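*Asks:* Below you'll find structure-v9.cif; it's mmCIF, C-alpha atoms.
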```cif
data_work
#
loop_
_atom_site.group_PDB
_atom_site.id
_atom_site.type_symbol
_atom_site.label_atom_id
_atom_site.label_comp_id
_atom_site.auth_asym_id
_atom_site.auth_seq_id
_atom_site.Cartn_x
_atom_site.Cartn_y
_atom_site.Cartn_z
ATOM 1 C CA MET A 1048 47.931 -21.986 -11.708
ATOM 2 C CA LEU A 1049 46.470 -20.455 -8.567
ATOM 3 C CA GLY A 1050 46.619 -22.266 -5.256
ATOM 4 C CA PRO A 1051 43.779 -22.648 -2.761
ATOM 5 C CA GLY A 1052 42.704 -19.335 -1.289
ATOM 6 C CA ALA A 1053 44.421 -17.225 -3.967
ATOM 7 C CA GLN A 1054 42.546 -13.954 -4.397
ATOM 8 C CA ILE A 1055 41.659 -13.065 -7.990
ATOM 9 C CA HIS A 1056 39.024 -10.333 -7.407
ATOM 10 C CA ASP A 1057 38.927 -7.306 -5.097
ATOM 11 C CA LEU A 1058 35.827 -5.190 -5.756
ATOM 12 C CA ASN A 1059 35.819 -1.618 -4.464
ATOM 13 C CA PRO A 1060 33.450 1.325 -4.975
ATOM 14 C CA THR A 1061 36.203 3.948 -4.796
ATOM 15 C CA THR A 1062 39.589 4.572 -6.333
ATOM 16 C CA PHE A 1063 42.806 4.152 -4.379
ATOM 17 C CA PRO A 1064 44.330 5.983 -2.788
ATOM 18 C CA PRO A 1065 40.936 7.128 -1.508
ATOM 19 C CA VAL A 1066 39.799 10.688 -1.917
ATOM 20 C CA GLY A 1067 37.281 11.397 0.816
ATOM 21 C CA LEU A 1068 35.666 8.383 2.444
ATOM 22 C CA PHE A 1069 37.284 4.953 2.180
ATOM 23 C CA TRP A 1070 35.186 2.140 0.603
ATOM 24 C CA THR A 1071 32.103 4.371 0.773
ATOM 25 C CA ILE A 1072 29.769 5.821 -1.842
ATOM 26 C CA GLN A 1073 26.858 8.214 -1.508
ATOM 27 C CA ILE A 1074 23.389 6.709 -1.842
ATOM 28 C CA SER A 1075 20.172 8.679 -2.067
ATOM 29 C CA ASP A 1076 18.234 8.896 1.204
ATOM 30 C CA ASP A 1077 15.020 8.653 -0.826
ATOM 31 C CA ARG A 1078 13.849 5.078 -1.421
ATOM 32 C CA GLN A 1079 12.287 6.243 -4.686
ATOM 33 C CA GLY A 1080 15.430 7.990 -5.949
ATOM 34 C CA ASP A 1081 15.731 8.737 -9.657
ATOM 35 C CA ASP A 1082 18.679 6.359 -9.909
ATOM 36 C CA GLY A 1083 16.871 3.356 -8.364
ATOM 37 C CA ASN A 1084 19.036 3.613 -5.265
ATOM 38 C CA GLY A 1085 17.806 4.421 -1.804
ATOM 39 C CA VAL A 1086 17.924 4.032 1.951
ATOM 40 C CA ASP A 1087 14.965 3.950 4.315
ATOM 41 C CA VAL A 1088 15.357 3.562 8.106
ATOM 42 C CA ASN A 1089 12.756 3.378 10.873
ATOM 43 C CA LEU A 1090 14.478 2.823 14.231
ATOM 44 C CA GLY A 1091 11.078 2.697 15.950
ATOM 45 C CA THR A 1092 10.051 -0.511 14.196
ATOM 46 C CA GLY A 1093 13.604 -1.803 13.747
ATOM 47 C CA GLY A 1094 13.137 -1.839 9.997
ATOM 48 C CA ALA A 1095 15.402 -0.561 7.275
ATOM 49 C CA SER A 1096 16.076 -1.155 3.602
ATOM 50 C CA LEU A 1097 18.944 -0.389 1.258
ATOM 51 C CA GLN A 1098 18.799 -0.740 -2.503
ATOM 52 C CA VAL A 1099 21.694 -0.076 -4.858
ATOM 53 C CA SER A 1100 21.344 -0.585 -8.611
ATOM 54 C CA ASN A 1101 24.320 -0.717 -10.963
ATOM 55 C CA ALA A 1102 26.756 1.218 -8.778
ATOM 56 C CA PRO A 1103 30.146 1.521 -10.476
ATOM 57 C CA ILE A 1104 32.978 -0.474 -8.901
ATOM 58 C CA LEU A 1105 36.574 -1.300 -9.711
ATOM 59 C CA ASP A 1106 38.147 -4.763 -9.544
ATOM 60 C CA TYR A 1107 41.749 -4.451 -8.425
ATOM 61 C CA GLY A 1108 42.371 -8.213 -8.501
ATOM 62 C CA ASN A 1109 43.698 -8.375 -4.942
ATOM 63 C CA ILE A 1110 43.798 -6.300 -1.780
ATOM 64 C CA GLY A 1111 47.487 -5.435 -2.189
ATOM 65 C CA ASN A 1112 46.904 -3.855 -5.581
ATOM 66 C CA ALA A 1113 43.799 -2.074 -4.276
ATOM 67 C CA LEU A 1114 45.597 -0.540 -1.311
ATOM 68 C CA PHE A 1115 49.100 0.057 -2.646
ATOM 69 C CA GLY A 1116 48.951 -0.166 -6.459
ATOM 70 C CA GLY A 1117 51.805 -1.578 -8.479
ATOM 71 C CA GLY A 1118 49.671 -4.193 -10.236
ATOM 72 C CA PRO A 1119 47.520 -4.085 -13.333
ATOM 73 C CA PRO A 1120 45.000 -1.252 -13.655
ATOM 74 C CA PRO A 1121 41.573 -2.002 -12.166
ATOM 75 C CA VAL A 1122 38.777 -3.383 -14.332
ATOM 76 C CA PRO A 1123 35.485 -1.433 -14.137
ATOM 77 C CA GLY A 1124 32.285 -3.182 -13.182
ATOM 78 C CA MET A 1125 28.851 -2.738 -11.596
ATOM 79 C CA VAL A 1126 27.271 -3.950 -8.358
ATOM 80 C CA SER A 1127 23.640 -4.133 -7.228
ATOM 81 C CA CYS A 1128 22.266 -5.194 -3.859
ATOM 82 C CA LYS A 1129 19.181 -5.198 -1.714
ATOM 83 C CA VAL A 1130 19.312 -5.462 2.089
ATOM 84 C CA GLU A 1131 16.358 -5.532 4.460
ATOM 85 C CA TRP A 1132 16.543 -5.337 8.267
ATOM 86 C CA HIS A 1133 13.589 -6.448 10.440
ATOM 87 C CA GLY A 1134 12.449 -6.448 14.064
ATOM 88 C CA VAL A 1135 13.854 -5.447 17.424
ATOM 89 C CA ASN A 1136 15.899 -7.989 19.370
ATOM 90 C CA GLN A 1137 17.604 -5.382 21.565
ATOM 91 C CA ARG A 1138 17.878 -1.589 21.840
ATOM 92 C CA ILE A 1139 21.242 -0.112 22.804
ATOM 93 C CA ASN A 1140 22.097 3.508 23.678
ATOM 94 C CA ILE A 1141 25.755 4.496 23.863
ATOM 95 C CA ARG A 1142 27.308 7.775 24.973
ATOM 96 C CA ASN A 1143 31.078 8.161 25.331
ATOM 97 C CA THR A 1144 32.258 11.683 26.154
ATOM 98 C CA ASP A 1145 35.920 10.712 26.669
ATOM 99 C CA PRO A 1146 37.920 13.361 24.745
ATOM 100 C CA VAL A 1147 40.640 10.804 23.946
ATOM 101 C CA PHE A 1148 38.170 8.999 21.683
ATOM 102 C CA GLY A 1149 36.636 12.229 20.340
ATOM 103 C CA GLY A 1150 33.127 11.688 21.683
ATOM 104 C CA PHE A 1151 30.561 9.294 20.311
ATOM 105 C CA ALA A 1152 26.850 8.740 20.894
ATOM 106 C CA GLY A 1153 24.344 6.457 19.242
ATOM 107 C CA GLU A 1154 21.038 4.677 19.380
ATOM 108 C CA PHE A 1155 21.112 1.201 17.885
ATOM 109 C CA VAL A 1156 18.685 -1.642 17.230
ATOM 110 C CA ARG A 1157 19.963 -5.207 17.028
ATOM 111 C CA ASN A 1158 17.770 -7.222 14.694
ATOM 112 C CA THR A 1159 17.960 -9.588 11.695
ATOM 113 C CA ALA A 1160 18.761 -8.904 8.040
ATOM 114 C CA GLN A 1161 18.500 -10.491 4.614
ATOM 115 C CA MET A 1162 20.514 -9.605 1.509
ATOM 116 C CA GLN A 1163 20.844 -10.359 -2.178
ATOM 117 C CA TRP A 1164 23.798 -9.187 -4.228
ATOM 118 C CA THR A 1165 25.123 -9.261 -7.770
ATOM 119 C CA ALA A 1166 28.227 -7.884 -9.458
ATOM 120 C CA ALA A 1167 29.587 -7.934 -12.995
ATOM 121 C CA VAL A 1168 33.214 -7.296 -13.938
ATOM 122 C CA GLY A 1169 34.484 -8.031 -17.426
ATOM 123 C CA ASP A 1170 33.303 -11.549 -18.332
ATOM 124 C CA PHE A 1171 32.623 -12.458 -14.681
ATOM 125 C CA VAL A 1172 29.221 -12.315 -12.969
ATOM 126 C CA PHE A 1173 28.811 -12.952 -9.238
ATOM 127 C CA GLU A 1174 25.305 -13.497 -7.868
ATOM 128 C CA SER A 1175 23.905 -14.503 -4.492
ATOM 129 C CA ASP A 1176 20.760 -16.513 -3.937
ATOM 130 C CA ALA A 1177 17.460 -14.617 -3.617
ATOM 131 C CA LEU A 1178 16.814 -12.298 -0.655
ATOM 132 C CA GLY A 1179 14.302 -14.685 0.938
ATOM 133 C CA THR A 1180 16.887 -17.478 1.175
ATOM 134 C CA SER A 1181 19.408 -15.473 3.216
ATOM 135 C CA SER A 1182 19.662 -15.119 6.983
ATOM 136 C CA SER A 1183 21.873 -13.426 9.536
ATOM 137 C CA SER A 1184 23.245 -14.246 12.967
ATOM 138 C CA PHE A 1185 23.786 -10.538 13.748
ATOM 139 C CA ALA A 1186 22.430 -7.326 12.271
ATOM 140 C CA GLU A 1187 22.256 -3.770 13.567
ATOM 141 C CA ILE A 1188 20.887 -0.430 12.425
ATOM 142 C CA GLY A 1189 21.261 2.862 14.219
ATOM 143 C CA HIS A 1190 21.909 6.551 14.380
ATOM 144 C CA GLU A 1191 25.288 7.792 15.592
ATOM 145 C CA ARG A 1192 27.001 11.116 16.122
ATOM 146 C CA ASN A 1193 30.725 11.833 16.416
ATOM 147 C CA GLY A 1194 33.303 14.482 15.627
ATOM 148 C CA VAL A 1195 31.809 17.905 14.942
ATOM 149 C CA PHE A 1196 28.307 16.383 15.053
ATOM 150 C CA PHE A 1197 28.741 15.072 18.600
ATOM 151 C CA SER A 1198 26.814 16.928 21.290
#
```
Step by step, read the file and then write its structure as structure tokens.

*Replies:*
Amino acid sequence: MLGPGAQIHDLNPTTFPPVGLFWTIQISDDRQGDDGNGVDVNLGTGGASLQVSNAPILDYGNIGNALFGGGPPPVPGMVSCKVEWHGVNQRINIRNTDPVFGGFAGEFVRNTAQMQWTAAVGDFVFESDALGTSSSSFAEIGHERNGVFFS
């Protein structure tokens, strides 16, 4: 029997230990991508959209097993989501040239977002309410540069 707050699912798009980027997958930058996935951003209007269809994930059961292993092998699954950002509440420009922090610059738009999400792992299906029923208290889109891309 599991107690209150016991974690029984930990869904991740990458294997652990990570090879390359941590908890990150590549998504086509073309909204009409062949795979149904895509990203479209317009900082001028404050609008953006992200669509992911049937991206492979792994369910490690809990964060400890995901990060350090030692538990049962992960169960494969799929995740799909749609996120839409709208409007301009505030524009923020940041430039930090401090070499201790490696340099960072960005242009950001604070706005609102809505999301719908579904995942399937084994016999389990997780599904949010429809996109139109969701709301956000904070959302942000932007363009940033750091590391070798910082100038």

*Asks:* Would you work out the distance separating CA of Gly1111 in chain A from CA of His1056 in chain A, expressed in Å to one decimal?

*Replies:*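 Distance between the two atoms: 11.1 Å.
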
*Asks:* Just so the selection is clear, what residues does the PyMOL selection byres ((chain A and resi 1115-1122) around 10) cover here, as a list in words?

*Replies:* His1056, Asp1057, Leu1058, Asn1059, Thr1062, Phe1063, Pro1064, Ile1104, Leu1105, Asp1106, Tyr1107, Gly1108, Asn1109, Ile1110, Gly1111, Asn1112, Ala1113, Leu1114, Pro1123, Gly1124, Val1168 and Gly1169 of chain A

*Asks:* Neighbouring residues of Ile1141 in chain A were defined as those with any atom within 12 Å, considering all atoms listed in the file; residues of the same chain fewer than 6 positions away were excluded. Please report them as a PyMOL selection string.

*Replies:* chain A and resi 1150-1156+1189-1193

*Asks:* Please, what distance in Å, to one decimal, runs between CA of Thr1165 in chain A and CA of Ala1095 in chain A?

*Replies:*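 Result for CA of Thr1165 in chain A versus CA of Ala1095 in chain A: 19.9 Å, one decimal.
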
*Asks:* Name the residues that the PyMOL selection byres ((chain A and resi 1125) around 7) picks from the file above, as JSON, numbers by chain, using the file's chain letters and numbers.

*Replies:* {"A": [1101, 1102, 1103, 1104, 1124, 1126, 1127, 1166, 1167, 1168]}

*Asks:* For Asn1084 in chain A, which residue out of A:Val1147, A:Ile1055, A:Cys1128, A:Ser1182 is the nearest one, using all atoms listed in the file?

*Replies:*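 Answer, going by the shortest atom-to-atom distance: A:Cys1128.
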
*Asks:* Counting only C-alpha atoms, which residue out of A:Ala1177, A:Asn1143, A:Asn1158, A:Gln1073 sits closest to Gly1085 in chain A?

*Replies:*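 Using only C-alpha atoms, Gly1085 in chain A sits closest to A:Gln1073.
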
*Asks:* When the PyMOL selection byres ((chain A and resi 1161) around 6) is applied to the structure above, which residues does it catch, written out as a list in words?

*Replies:*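 That selection, the PyMOL selection byres ((chain A and resi 1161) around 6), comes back as Val1130, Glu1131, Ala1160, Met1162, Leu1178, Ser1181 and Ser1182 of chain A.
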
*Asks:* Nearest to Trp1132 in chain A: which of A:Thr1061, A:Thr1092, A:Thr1159, A:Thr1180 is it, counting all atoms listed in the file?

*Replies:*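 Among A:Thr1061, A:Thr1092, A:Thr1159, A:Thr1180, it is A:Thr1159 that comes nearest to Trp1132 in chain A.
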
*Asks:* The centre and edge lengths of an axis-aligned box containing all atoms of range 1160-1174 of chain A present in the file, extended by 6 Å on each side, are to be given in Å to one decimal, as AutoDock Vina command-line options.

*Replies:*
```
--center_x 26.5 --center_y -10.4 --center_z -5.1 --size_x 28.0 --size_y 18.2 --size_z 38.4
```

*Asks:* Quick one: pull the distance between CA of Ala1186 in chain A and CA of Val1086 in chain A, Å, one decimal.

*Replies:*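 Straight-line distance from CA of Ala1186 in chain A to CA of Val1086 in chain A works out to 16.0 Å.
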
*Asks:* Which is closer to Gln1098 in chain A than all the others in A:Phe1171, A:Gln1054, A:Ile1074, A:Thr1144, using only C-alpha atoms?

*Replies:*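 When distances to Gln1098 in chain A are compared using only C-alpha atoms, the smallest one comes from A:Ile1074.
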
*Asks:* Nearest residue to Ser1175 in chain A out of A:Ser1100, A:Asn1089, A:Gln1163, A:Glu1187, using all atoms listed in the file?

*Replies:*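 Smallest separation from Ser1175 in chain A among the options: A:Gln1163.
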